[in-house]
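File shown: run26.cif. Contents: mmCIF, C-alpha atoms.
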data_model
#
loop_
_atom_site.label_atom_id
_atom_site.label_comp_id
_atom_site.auth_asym_id
_atom_site.auth_seq_id
_atom_site.Cartn_x
_atom_site.Cartn_y
_atom_site.Cartn_z
CA MET C 29 -12.01 -32.63 17.76
CA GLY C 30 -11.62 -29.12 16.44
CA ILE C 31 -8.40 -27.84 14.99
CA GLN C 32 -7.77 -25.69 18.06
CA GLU C 33 -7.92 -28.69 20.41
CA GLN C 34 -5.89 -30.80 18.02
CA TYR C 35 -3.11 -28.22 17.77
CA ARG C 36 -3.23 -27.63 21.55
CA SER C 37 -2.67 -31.28 22.35
CA GLU C 38 0.02 -31.62 19.68
CA ALA C 39 1.80 -28.54 21.03
CA ALA C 40 1.56 -29.90 24.59
CA ALA C 41 2.99 -33.24 23.43
CA LEU C 42 5.90 -31.53 21.65
CA LEU C 43 6.67 -29.51 24.78
CA SER C 44 6.41 -32.39 27.22
CA SER C 45 8.63 -34.63 25.07
CA GLY C 46 11.14 -31.78 24.93
CA GLU C 47 11.20 -31.80 21.14
CA VAL C 48 10.53 -28.06 21.03
CA LYS C 49 11.56 -25.53 23.65
CA LEU C 50 8.82 -23.04 22.82
CA VAL C 51 5.50 -22.82 21.05
CA ILE C 52 4.61 -19.43 19.57
CA GLY C 53 0.88 -19.18 19.11
CA PHE C 54 -2.08 -17.03 20.00
CA GLY C 55 -3.77 -16.41 23.31
CA PRO C 56 -6.76 -14.31 24.37
CA GLY C 57 -6.33 -10.59 23.72
CA SER C 58 -7.46 -7.47 25.48
CA THR C 59 -10.83 -7.47 23.74
CA ALA C 60 -13.07 -10.26 22.49
CA ASP C 61 -12.07 -9.82 18.85
CA ARG C 62 -8.33 -9.54 19.37
CA ARG C 63 -5.67 -12.17 19.86
CA ARG C 64 -2.31 -11.69 21.47
CA PRO C 65 0.86 -13.72 20.83
CA LEU C 66 1.28 -16.47 23.41
CA PHE C 67 4.65 -18.04 24.18
CA ALA C 68 4.14 -21.48 25.69
CA ARG C 69 7.14 -23.14 27.36
CA THR C 70 5.27 -25.83 29.34
CA PRO C 71 2.45 -28.23 28.39
CA GLU C 72 0.17 -26.39 30.84
CA GLU C 73 0.73 -23.10 29.06
CA ALA C 74 -0.03 -24.79 25.75
CA GLU C 75 -3.57 -25.42 27.03
CA LYS C 76 -4.17 -21.66 26.78
CA LEU C 77 -3.50 -21.57 23.04
CA VAL C 78 -6.32 -20.16 20.94
CA LEU C 79 -6.89 -20.61 17.22
CA ASP C 80 -9.79 -18.88 15.53
CA PRO C 81 -10.38 -16.45 12.62
CA ALA C 82 -9.20 -13.53 14.78
CA CYS C 83 -5.64 -14.90 14.71
CA ILE C 84 -4.46 -12.70 11.87
CA SER C 85 -1.04 -11.45 12.87
CA ASN C 86 2.19 -12.80 11.41
CA LEU C 87 4.16 -14.45 14.22
CA THR C 88 7.27 -15.06 12.09
CA THR C 89 8.69 -11.80 13.41
CA TYR C 90 9.30 -13.46 16.80
CA LEU C 91 11.52 -16.12 15.25
CA VAL C 92 14.24 -13.59 14.39
CA ALA C 93 14.04 -11.81 17.73
CA GLY C 94 17.15 -11.67 19.90
CA GLY C 95 18.94 -14.98 19.35
CA LEU C 96 15.90 -17.18 19.95
CA LEU C 97 17.17 -19.89 17.61
CA SER C 98 20.89 -19.52 18.34
CA ASP C 99 20.93 -22.49 20.76
CA GLY C 100 19.96 -24.84 17.93
CA LYS C 101 16.78 -26.00 19.69
CA LYS C 102 13.46 -26.26 17.92
CA VAL C 103 10.53 -23.88 18.10
CA ALA C 104 6.93 -24.50 17.02
CA ILE C 105 4.91 -21.69 15.52
CA PHE C 106 1.39 -21.04 14.27
CA LEU C 107 1.47 -19.69 10.71
CA LYS C 108 -0.97 -18.63 8.02
CA PRO C 109 0.09 -18.86 4.34
CA ASP C 110 1.57 -15.33 4.44
CA GLY C 111 3.56 -16.31 7.52
CA ILE C 112 4.84 -19.39 5.71
CA ARG C 113 5.97 -17.18 2.85
CA SER C 114 7.73 -14.85 5.31
CA LEU C 115 9.48 -17.89 6.72
CA ASN C 116 10.51 -18.89 3.19
CA ILE C 117 12.14 -15.48 2.77
CA LEU C 118 13.91 -15.72 6.14
CA VAL C 119 15.23 -19.17 5.25
CA SER C 120 16.39 -17.99 1.83
CA GLU C 121 18.22 -15.12 3.55
CA CYS C 122 19.87 -17.62 5.96
CA GLN C 123 18.24 -16.08 9.02
CA VAL C 124 16.42 -19.23 10.11
CA LYS C 125 17.40 -22.88 9.75
CA PRO C 126 14.31 -24.66 8.44
CA GLU C 127 14.95 -27.79 10.56
CA GLN C 128 14.55 -25.68 13.70
CA VAL C 129 10.96 -24.70 12.98
CA VAL C 130 7.85 -26.83 13.46
CA ILE C 131 4.87 -25.27 11.70
CA PHE C 132 1.25 -25.47 12.78
CA GLY C 133 -0.26 -24.24 9.54
CA TYR C 134 -3.77 -22.85 9.21
CA ALA C 135 -5.73 -20.83 6.71
CA ILE C 136 -8.66 -18.52 7.31
CA GLU C 137 -11.36 -18.89 4.68
CA ASN C 138 -14.79 -17.27 4.93
CA ASN C 139 -14.29 -16.75 8.65
CA GLU C 140 -13.49 -20.44 9.14
CA ILE C 141 -10.21 -22.01 10.24
CA ARG C 142 -8.82 -24.74 8.04
CA PRO C 143 -5.73 -26.75 9.01
CA LEU C 144 -2.83 -27.01 6.57
CA SER C 145 -1.18 -30.40 6.46
CA GLY C 146 2.54 -30.72 7.09
CA ARG C 147 4.79 -29.70 9.96
CA SER C 148 8.05 -28.64 8.31
CA ILE C 149 8.64 -25.94 5.73
CA GLY C 150 9.29 -28.49 2.98
CA ASP C 151 5.67 -29.66 3.26
CA PHE C 152 4.32 -26.27 2.23
CA ALA C 153 5.89 -25.92 -1.22
CA GLU C 154 2.44 -25.60 -2.77
CA ILE C 155 1.60 -22.54 -0.65
CA GLY C 156 4.72 -20.81 -1.89
CA SER C 157 4.09 -21.61 -5.53
CA LYS C 158 0.51 -20.33 -5.27
CA ILE C 159 1.91 -16.79 -5.03
CA ARG C 160 2.49 -16.81 -8.78
CA THR C 161 -1.19 -16.94 -9.53
CA ALA C 162 -2.46 -15.12 -6.45
CA THR C 163 -4.32 -11.88 -6.99
CA PRO C 164 -3.55 -8.98 -4.66
CA PRO C 165 -6.35 -7.61 -2.47
CA PRO C 166 -8.64 -5.66 -4.84
CA ALA C 167 -8.77 -2.62 -2.53
CA VAL C 168 -4.97 -2.29 -2.50
CA GLN C 169 -4.73 -2.80 -6.25
CA LYS C 170 -7.44 -0.24 -6.93
CA GLU C 171 -5.88 2.37 -4.69
CA ALA C 172 -2.43 1.81 -6.24
CA GLU C 173 -3.92 2.23 -9.70
CA ARG C 174 -5.65 5.43 -8.63
CA LEU C 175 -2.30 6.78 -7.42
CA GLU C 176 -0.48 5.76 -10.57
CA ALA C 177 -3.02 7.59 -12.70
CA MET C 178 -2.17 10.84 -10.89
CA SER C 179 0.52 13.28 -11.98
CA PRO C 180 3.84 12.98 -10.09
CA ALA C 181 3.10 16.25 -8.28
CA GLU C 182 -0.26 14.96 -7.05
CA ARG C 183 1.33 11.71 -5.94
CA PHE C 184 3.97 13.65 -4.09
CA GLU C 185 1.25 15.63 -2.31
CA PHE C 186 -0.55 12.40 -1.41
CA TRP C 187 2.53 10.86 0.19
CA LYS C 188 3.55 14.17 1.76
CA GLU C 189 0.26 14.23 3.59
CA GLN C 190 0.50 10.57 4.56
CA PHE C 191 4.11 10.78 5.74
CA SER C 192 3.52 14.04 7.61
CA LYS C 193 1.41 11.93 9.98
CA CYS C 194 4.34 9.64 10.80
CA ILE C 195 5.51 9.93 14.40
CA LYS C 196 8.58 7.74 13.83
CA CYS C 197 7.52 5.20 16.43
CA TYR C 198 9.07 2.48 14.21
CA ALA C 199 6.17 0.14 14.96
CA CYS C 200 6.27 -0.88 11.27
CA ARG C 201 9.85 -1.99 11.74
CA GLN C 202 9.14 -3.85 14.97
CA ALA C 203 6.15 -5.68 13.50
CA CYS C 204 7.90 -6.68 10.29
CA PRO C 205 9.54 -10.12 10.15
CA MET C 206 11.95 -8.82 7.50
CA CYS C 207 13.31 -6.00 9.68
CA TYR C 208 15.85 -8.07 11.58
CA CYS C 209 18.96 -5.87 11.11
CA ARG C 210 20.95 -5.70 14.33
CA ARG C 211 21.50 -2.04 13.64
CA CYS C 212 18.82 -0.41 11.56
CA ILE C 213 19.97 2.35 9.21
CA VAL C 214 17.71 4.79 11.05
CA ASP C 215 19.68 4.15 14.25
CA VAL C 216 23.00 4.85 12.55
CA ASN C 217 24.09 8.34 13.51
CA GLN C 218 27.59 8.61 12.12
CA PRO C 219 26.76 9.50 9.41
CA GLN C 220 23.10 10.16 10.09
CA TRP C 221 21.47 8.82 6.94
CA VAL C 222 17.90 9.29 8.02
CA SER C 223 16.99 12.52 9.73
CA THR C 224 15.28 11.76 13.02
CA SER C 225 13.76 15.23 13.41
CA SER C 226 10.02 15.56 13.38
CA HIS C 227 9.70 17.09 9.94
CA THR C 228 8.17 15.45 6.93
CA LEU C 229 11.50 15.20 5.13
CA GLY C 230 12.84 12.83 7.76
CA ASN C 231 9.59 10.86 7.67
CA PHE C 232 9.81 10.67 3.89
CA GLU C 233 13.37 9.39 4.04
CA TRP C 234 12.53 6.78 6.64
CA ASN C 235 9.55 5.43 4.76
CA LEU C 236 11.37 5.44 1.41
CA VAL C 237 14.31 3.59 2.89
CA ARG C 238 12.12 1.01 4.54
CA ALA C 239 10.14 0.45 1.35
CA PHE C 240 13.37 0.05 -0.59
CA HIS C 241 14.78 -2.42 1.92
CA LEU C 242 11.58 -4.45 1.64
CA ALA C 243 11.55 -4.51 -2.15
CA GLY C 244 11.33 -8.13 -3.22
CA ARG C 245 11.28 -9.30 0.40
CA CYS C 246 7.74 -8.46 1.43
CA ALA C 247 5.28 -11.33 1.80
CA ALA C 248 2.41 -8.79 2.00
CA CYS C 249 1.28 -10.00 5.42
CA GLY C 250 0.20 -6.45 6.26
CA ALA C 251 1.80 -6.41 9.71
CA CYS C 252 3.32 -2.93 9.21
CA ASP C 253 0.03 -1.56 7.98
CA ARG C 254 -1.84 -2.93 11.00
CA ALA C 255 0.86 -1.74 13.41
CA CYS C 256 0.90 1.86 12.15
CA PRO C 257 -0.81 4.02 14.79
CA VAL C 258 -1.54 6.82 12.31
CA ASN C 259 -2.74 4.58 9.47
CA ILE C 260 -0.18 5.34 6.77
CA PRO C 261 -1.08 3.02 3.86
CA LEU C 262 2.24 1.14 3.90
CA ARG C 263 0.60 -1.81 2.16
CA LEU C 264 0.33 0.32 -0.99
CA ILE C 265 3.99 1.12 -1.26
CA ASN C 266 5.00 -2.47 -0.51
CA TYR C 267 2.52 -3.73 -3.09
CA ARG C 268 4.04 -1.42 -5.70
CA MET C 269 7.58 -2.64 -4.92
CA GLY C 270 6.42 -6.25 -5.14
CA LYS C 271 4.81 -5.51 -8.49
CA GLU C 272 8.04 -4.00 -9.78
CA VAL C 273 10.22 -7.02 -8.98
CA LYS C 274 7.52 -9.27 -10.39
CA GLU C 275 7.38 -7.40 -13.69
CA ALA C 276 11.07 -6.59 -14.08
CA PHE C 277 12.65 -9.79 -12.76
CA ASP C 278 9.79 -12.33 -12.62
CA TYR C 279 10.46 -12.61 -8.90
CA HIS C 280 7.80 -13.59 -6.38
CA ALA C 281 8.87 -13.01 -2.79
CA GLY C 282 8.41 -16.03 -0.55
CA GLU C 283 7.81 -18.45 -3.39
CA SER C 284 10.28 -21.00 -2.03
CA SER C 285 12.87 -21.27 0.70
CA ASP C 286 15.75 -21.77 -1.74
CA GLN C 287 15.22 -18.82 -4.06
CA LYS C 288 17.98 -16.23 -4.21
CA PRO C 289 17.11 -12.80 -2.78
CA VAL C 290 16.23 -10.59 -5.75
CA LEU C 291 18.54 -7.67 -4.99
CA ALA C 292 21.41 -9.98 -4.06
CA SER C 293 21.36 -11.70 -7.43
CA PHE C 294 21.22 -10.60 -11.05
CA SER C 295 20.85 -11.78 -14.57
CA GLN C 296 22.97 -10.47 -17.43
CA ASP C 297 19.89 -9.58 -19.42
CA ASP C 298 18.01 -7.64 -16.78
CA PRO C 299 16.06 -4.73 -18.29
CA GLU C 300 17.93 -1.43 -18.53
CA THR C 301 15.78 0.81 -20.68
CA PHE C 302 16.40 3.80 -18.42
CA ILE C 303 20.20 3.75 -18.57
CA LEU C 304 21.80 6.19 -21.03
CA MET Q 18 15.42 33.42 -13.12
CA SER Q 19 16.01 30.68 -15.63
CA GLU Q 20 18.91 32.66 -17.10
CA SER Q 21 20.76 33.12 -13.86
CA PHE Q 22 19.93 29.67 -12.49
CA GLU Q 23 22.99 27.46 -12.44
CA PRO Q 24 21.96 23.94 -11.42
CA LYS Q 25 23.97 21.86 -9.01
CA ILE Q 26 24.52 18.35 -10.29
CA VAL Q 27 26.00 15.58 -8.21
CA ALA Q 28 27.53 12.68 -10.11
CA PHE Q 29 28.21 9.41 -8.31
CA VAL Q 30 30.71 7.58 -10.48
CA CYS Q 31 32.80 4.46 -10.26
CA THR Q 32 36.52 4.96 -10.19
CA TYR Q 33 37.39 2.41 -12.88
CA CYS Q 34 35.22 3.58 -15.76
CA THR Q 35 33.27 6.80 -15.48
CA TYR Q 36 35.83 8.59 -13.32
CA ALA Q 37 38.52 7.59 -15.81
CA GLY Q 38 36.17 8.76 -18.57
CA ALA Q 39 35.80 12.12 -16.85
CA ASP Q 40 39.57 12.25 -16.53
CA LEU Q 41 39.89 11.61 -20.24
CA ALA Q 42 37.44 14.43 -20.96
CA GLY Q 43 39.75 16.66 -18.92
CA THR Q 44 43.03 15.56 -20.46
CA SER Q 45 41.48 15.81 -23.94
CA ARG Q 46 40.63 19.44 -23.04
CA LEU Q 47 36.94 18.92 -23.75
CA LYS Q 48 34.86 21.80 -22.47
CA TYR Q 49 31.75 20.90 -20.52
CA ALA Q 50 29.40 22.55 -18.05
CA PRO Q 51 31.06 23.29 -14.70
CA ASN Q 52 27.87 22.48 -12.78
CA VAL Q 53 28.80 18.93 -11.91
CA ARG Q 54 30.31 17.77 -8.62
CA ILE Q 55 31.84 14.36 -8.98
CA VAL Q 56 31.85 11.87 -6.12
CA ARG Q 57 34.18 8.96 -6.83
CA LEU Q 58 33.30 5.55 -5.45
CA PRO Q 59 34.96 2.17 -5.86
CA CYS Q 60 32.08 0.68 -7.85
CA THR Q 61 28.48 1.43 -8.80
CA GLY Q 62 27.60 -1.50 -6.56
CA ARG Q 63 28.74 0.70 -3.67
CA ILE Q 64 26.20 3.42 -4.46
CA SER Q 65 23.43 3.23 -1.93
CA PRO Q 66 20.11 4.89 -2.79
CA MET Q 67 20.68 6.85 0.42
CA PHE Q 68 23.44 8.77 -1.39
CA ILE Q 69 20.97 9.93 -4.00
CA LEU Q 70 18.33 10.92 -1.45
CA LYS Q 71 20.92 12.74 0.63
CA ALA Q 72 22.23 14.67 -2.37
CA LEU Q 73 18.70 15.80 -3.26
CA GLN Q 74 18.04 16.76 0.34
CA LYS Q 75 21.22 18.80 0.60
CA GLY Q 76 20.54 20.89 -2.47
CA ALA Q 77 21.37 18.96 -5.65
CA ASP Q 78 19.07 19.79 -8.55
CA SER Q 79 19.96 16.63 -10.45
CA VAL Q 80 21.85 13.46 -9.70
CA LEU Q 81 23.82 11.35 -12.14
CA VAL Q 82 24.82 7.80 -11.35
CA SER Q 83 27.30 6.30 -13.74
CA GLY Q 84 29.54 3.28 -13.99
CA CYS Q 85 31.09 0.66 -16.22
CA HIS Q 86 29.19 -0.89 -19.09
CA PRO Q 87 27.69 -4.32 -18.31
CA GLY Q 88 30.45 -6.91 -18.48
CA ASP Q 89 33.20 -4.36 -17.81
CA CYS Q 90 32.95 -4.14 -14.03
CA HIS Q 91 36.31 -4.27 -12.27
CA PHE Q 92 34.66 -6.44 -9.61
CA ALA Q 93 32.97 -8.60 -12.26
CA ALA Q 94 29.34 -8.05 -11.19
CA GLY Q 95 28.98 -4.82 -9.18
CA ASN Q 96 27.20 -2.98 -11.96
CA TYR Q 97 24.73 -5.82 -12.53
CA HIS Q 98 23.72 -5.65 -8.89
CA ALA Q 99 23.49 -1.86 -9.11
CA ARG Q 100 21.29 -2.10 -12.18
CA ARG Q 101 18.70 -4.21 -10.35
CA ARG Q 102 18.77 -1.84 -7.42
CA TRP Q 103 18.20 1.20 -9.64
CA THR Q 104 15.28 -0.42 -11.42
CA VAL Q 105 13.53 -0.90 -8.09
CA PHE Q 106 14.61 2.49 -6.75
CA ARG Q 107 13.29 4.30 -9.81
CA ALA Q 108 9.92 2.62 -9.37
CA LEU Q 109 9.88 3.72 -5.75
CA LEU Q 110 10.68 7.33 -6.67
CA ALA Q 111 8.02 7.33 -9.37
CA PHE Q 112 5.41 5.93 -6.99
CA THR Q 113 6.12 8.55 -4.34
CA GLY Q 114 6.12 11.37 -6.88
CA ILE Q 115 9.78 12.39 -6.77
CA PRO Q 116 10.54 13.45 -10.36
CA GLU Q 117 12.51 10.68 -12.06
CA GLU Q 118 13.94 13.02 -14.69
CA ARG Q 119 16.21 14.50 -12.02
CA ILE Q 120 17.93 11.19 -11.41
CA ARG Q 121 19.86 9.88 -14.38
CA PHE Q 122 21.73 6.67 -14.89
CA SER Q 123 24.37 5.95 -17.49
CA TRP Q 124 27.22 3.69 -18.46
CA VAL Q 125 30.38 5.61 -19.40
CA SER Q 126 33.60 3.71 -20.03
CA ALA Q 127 37.15 4.95 -19.53
CA ALA Q 128 37.40 5.59 -23.29
CA GLU Q 129 34.23 7.67 -23.50
CA GLY Q 130 35.48 11.10 -22.46
CA ALA Q 131 33.36 12.75 -25.14
CA LYS Q 132 30.25 10.87 -24.02
CA PHE Q 133 30.82 12.07 -20.47
CA ALA Q 134 31.21 15.70 -21.56
CA ASP Q 135 28.08 15.51 -23.73
CA LEU Q 136 26.13 13.84 -20.94
CA ILE Q 137 27.00 16.55 -18.43
CA ASN Q 138 26.08 19.26 -20.93
CA GLU Q 139 22.78 17.55 -21.64
CA ILE Q 140 21.89 17.09 -17.97
CA THR Q 141 22.82 20.69 -17.21
CA GLU Q 142 20.60 21.95 -20.03
CA ASP Q 143 17.70 19.71 -18.97
CA THR Q 144 18.01 20.74 -15.34
CA LYS Q 145 18.07 24.41 -16.30
CA LYS Q 146 14.74 23.85 -18.03
CA LEU Q 147 13.31 22.01 -15.01
CA GLY Q 148 14.42 24.74 -12.60
CA PRO Q 149 15.67 24.36 -9.05
CA PHE Q 150 14.58 21.27 -7.16
CA THR Q 151 13.07 22.53 -3.94
CA GLN Q 152 10.05 20.23 -3.64
CA TYR Q 153 11.93 17.68 -1.58
CA GLN Q 154 14.03 20.05 0.54
CA GLU Q 155 11.00 22.07 1.52
CA LEU Q 156 9.58 19.06 3.34
CA GLN Q 157 12.01 20.01 6.07
CA LYS Q 158 9.70 22.90 6.88
CA VAL Q 159 6.63 20.68 7.16
CA ILE Q 160 6.32 19.65 10.78
CA GLU Q 161 4.30 16.59 11.64
CA THR Q 162 0.80 16.65 13.14
CA GLN Q 163 -0.28 19.47 10.87
CA SER Q 164 -2.82 17.28 9.15
CA SER Q 165 -5.94 16.00 10.81
CA TYR Q 166 -6.15 12.34 11.67
#

Take the structure I supplied and represent it as C-alpha cells, if you would.
Amino acid sequence: MGIQEQYRSEAAALLSSGEVKLVIGFGPGSTADRRRPLFARTPEEAEKLVLDPACISNLTTYLVAGGLLSDGKKVAIFLKPDGIRSLNILVSECQVKPEQVVIFGYAIENNEIRPLSGRSIGDFAEIGSKIRTATPPPAVQKEAERLEAMSPAERFEFWKEQFSKCIKCYACRQACPMCYCRRCIVDVNQPQWVSTSSHTLGNFEWNLVRAFHLAGRCAACGACDRACPVNIPLRLINYRMGKEVKEAFDYHAGESSDQKPVLASFSQDDPETFIL
Amino acid sequence: MSESFEPKIVAFVCTYCTYAGADLAGTSRLKYAPNVRIVRLPCTGRISPMFILKALQKGADSVLVSGCHPGDCHFAAGNYHARRRWTVFRALLAFTGIPEERIRFSWVSAAEGAKFADLINEITEDTKKLGPFTQYQELQKVIETQSSY
C-alpha cells in the first residue's frame, strides 16, 4: 500500500471515529501538475485526498485561519518538514495548541514521497533540530551574495525595480502562515503607517515592514514567493533576515516548539557594535 | 549647496534617560546644533521601526534613536528588546540599500548632557557631508507598472 492510500485510510478512520473534525490535505488542482488544498470533513471526502511530489504548498496557514481551532477540537493536516517548522513557530507563539493537531508528515526527495513517522508535533523534534545544519537553497544563497557584493545604491536600485512591480494584492500575507494578525499594520489607517497608494514608496514600506515582521519567524517555506503574481524575490529578503538572527543571536526559526520568539526575548550580552 | 544645507534630524528618545540628558544639556547651557527635532517616547522599547521609516519618508535627513544604557532601563528590559530589534532592522536596511549611516543608535544617560550635545553636533556635521536624503522620498514619484514584467 502506497503512502497516499495509507494516509487516506488513516484520515478516513480519524474522521469516522470523530477524533478529528477536519483533515487538511491536498486534492487535484486545475492542471495536472498542480495540487489544491482539500478540506475533508467526512470519510468519503477523505477518499479524494492526493499525496504526490506536486504537493508543495505549506498548509499550516489554514490552521490559523478564522478561529478554526477555537472550539478545542482536533484537526489533521498534511505537512512537509518546512510546514512542521512553521507549526513549531506557531506553537511557540501560542497560536496553536500542539495537542489539537494531528500531523501526516511527508518529505519529497528526488521526486519521491517518503512518509515521516509520528503523528504529533513532539514526534518531529529531529526535523526541527536539522535546521541547524541545513544549507539554504544554493540559488537563493548565490543571489543574496550577489546583492550583498553590490554598493548600497545598486542594491537600492535593484529593490526599487522589484518593489515597483508590487500591486499590493497582499497575496504574500494571505499565503504566509506567520501573517495571522487580526488587524495587519497595512490595514491600520489611523495613523496610516503604510501608504496604500500605488507608488513605489508605499510598496517599499509594505515589503520592508513585512520582512521585518517575519525576521526570525520565517521557516523559509517559500509560500510568499510562490504566491507573488509579479515574482518579487521575497525569498531573498526573508533568507537575509533569517541569516541575521542566526549570526547575531544563534537563533534558528522553527527549531522547536518551545523556543522563545527571537524578538520577544533578549540576552544581556547581545551584540551592540553599532550603538554609540 | 552644502553651505546652505541645514539637515533635519529626528531624534527618537526615551523619556527617562536621553530626554533627561538633553534636558541637562539645555540647563547646563551647552550649545549644540539646532537641527534636531526630539520626539519623546516612554521607552526605546516603544520605538517601532515604522517611526524611523516614516521620519525618512516625511523629510528627515538623519534619524537618531537613543535610550538608556543597558541595565538602566526604567522598565528593566525595554532597551534590551529594542537592541535586538535594531540589529535586525539595520540588516534589513542594509540589504535593501537604504544608507545605514543616516540612522544612528546611541545610549545616552540622564547624566550625559555633554555626550548628547556632542552627538547632535557630530550627526549634524556628518549629515551635512552626506547631503539631503531624497533617495527614499523620491520613490513617491515612481508609479508602479513602469517596469516590464

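Going from CA of Phe232 in chain C to CA of Ser192 in chain C covers 8.0 Å.
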
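Counting only C-alpha atoms, Phe68 in chain Q has the following residues at most 12 Å away, ignoring those fewer than 5 positions along the same chain: Pro219, Gln220, Trp221, Val222, Glu233 and Val237 of chain C; Val27, Ala28, Phe29, Val30, Val56, Leu58, Thr61, Arg63, Leu73, Gln74, Lys75, Ala77, Val80, Leu81, Val82 and Ile120 of chain Q.
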
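Between CA of Met269 in chain C and CA of Ser223 in chain C there is a distance of 23.1 Å.
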
- Quick one: residues within 9 Å of Ser226 in chain C, all atoms listed in the file counted, chain neighbours fewer than 3 positions away excluded, as a list in words? Ser192, Cys194, Ile195, Lys196, Ser223, Leu229, Gly230 and Asn231 of chain C; Gln157, Val159, Ile160 and Glu161 of chain Q

- Query: Using all atoms listed in the file, which residues sit within 12 Å of range 128-144 of chain Q once same-chain residues fewer than 3 positions away are excluded, as a PyMOL selection string?
  - Reply: (chain C and resi 303-304) or (chain Q and resi 19-20+22-28+30+33-55+77-86+116-125+147-150)

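Selection by the PyMOL selection byres ((chain C and resi 149) around 9) on the present file picks out Ile112, Leu115, Asn116, Pro126, Glu127, Val129, Val130, Ile131, Gly146, Arg147, Ser148, Gly150, Asp151, Phe152, Ala153 and Ser285 of chain C.
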
Go ahead and dump the residues you just picked, C-alpha atoms, as a PDB file, in the frame of the given file.
ATOM      1  CA  ILE C 112       4.840 -19.390   5.710  1.00  0.00           C
ATOM      2  CA  LEU C 115       9.480 -17.890   6.720  1.00  0.00           C
ATOM      3  CA  ASN C 116      10.510 -18.890   3.190  1.00  0.00           C
ATOM      4  CA  PRO C 126      14.310 -24.660   8.440  1.00  0.00           C
ATOM      5  CA  GLU C 127      14.950 -27.790  10.560  1.00  0.00           C
ATOM      6  CA  VAL C 129      10.960 -24.700  12.980  1.00  0.00           C
ATOM      7  CA  VAL C 130       7.850 -26.830  13.460  1.00  0.00           C
ATOM      8  CA  ILE C 131       4.870 -25.270  11.700  1.00  0.00           C
ATOM      9  CA  GLY C 146       2.540 -30.720   7.090  1.00  0.00           C
ATOM     10  CA  ARG C 147       4.790 -29.700   9.960  1.00  0.00           C
ATOM     11  CA  SER C 148       8.050 -28.640   8.310  1.00  0.00           C
ATOM     12  CA  GLY C 150       9.290 -28.490   2.980  1.00  0.00           C
ATOM     13  CA  ASP C 151       5.670 -29.660   3.260  1.00  0.00           C
ATOM     14  CA  PHE C 152       4.320 -26.270   2.230  1.00  0.00           C
ATOM     15  CA  ALA C 153       5.890 -25.920  -1.220  1.00  0.00           C
ATOM     16  CA  SER C 285      12.870 -21.270   0.700  1.00  0.00           C
TER      17      SER C 285
END
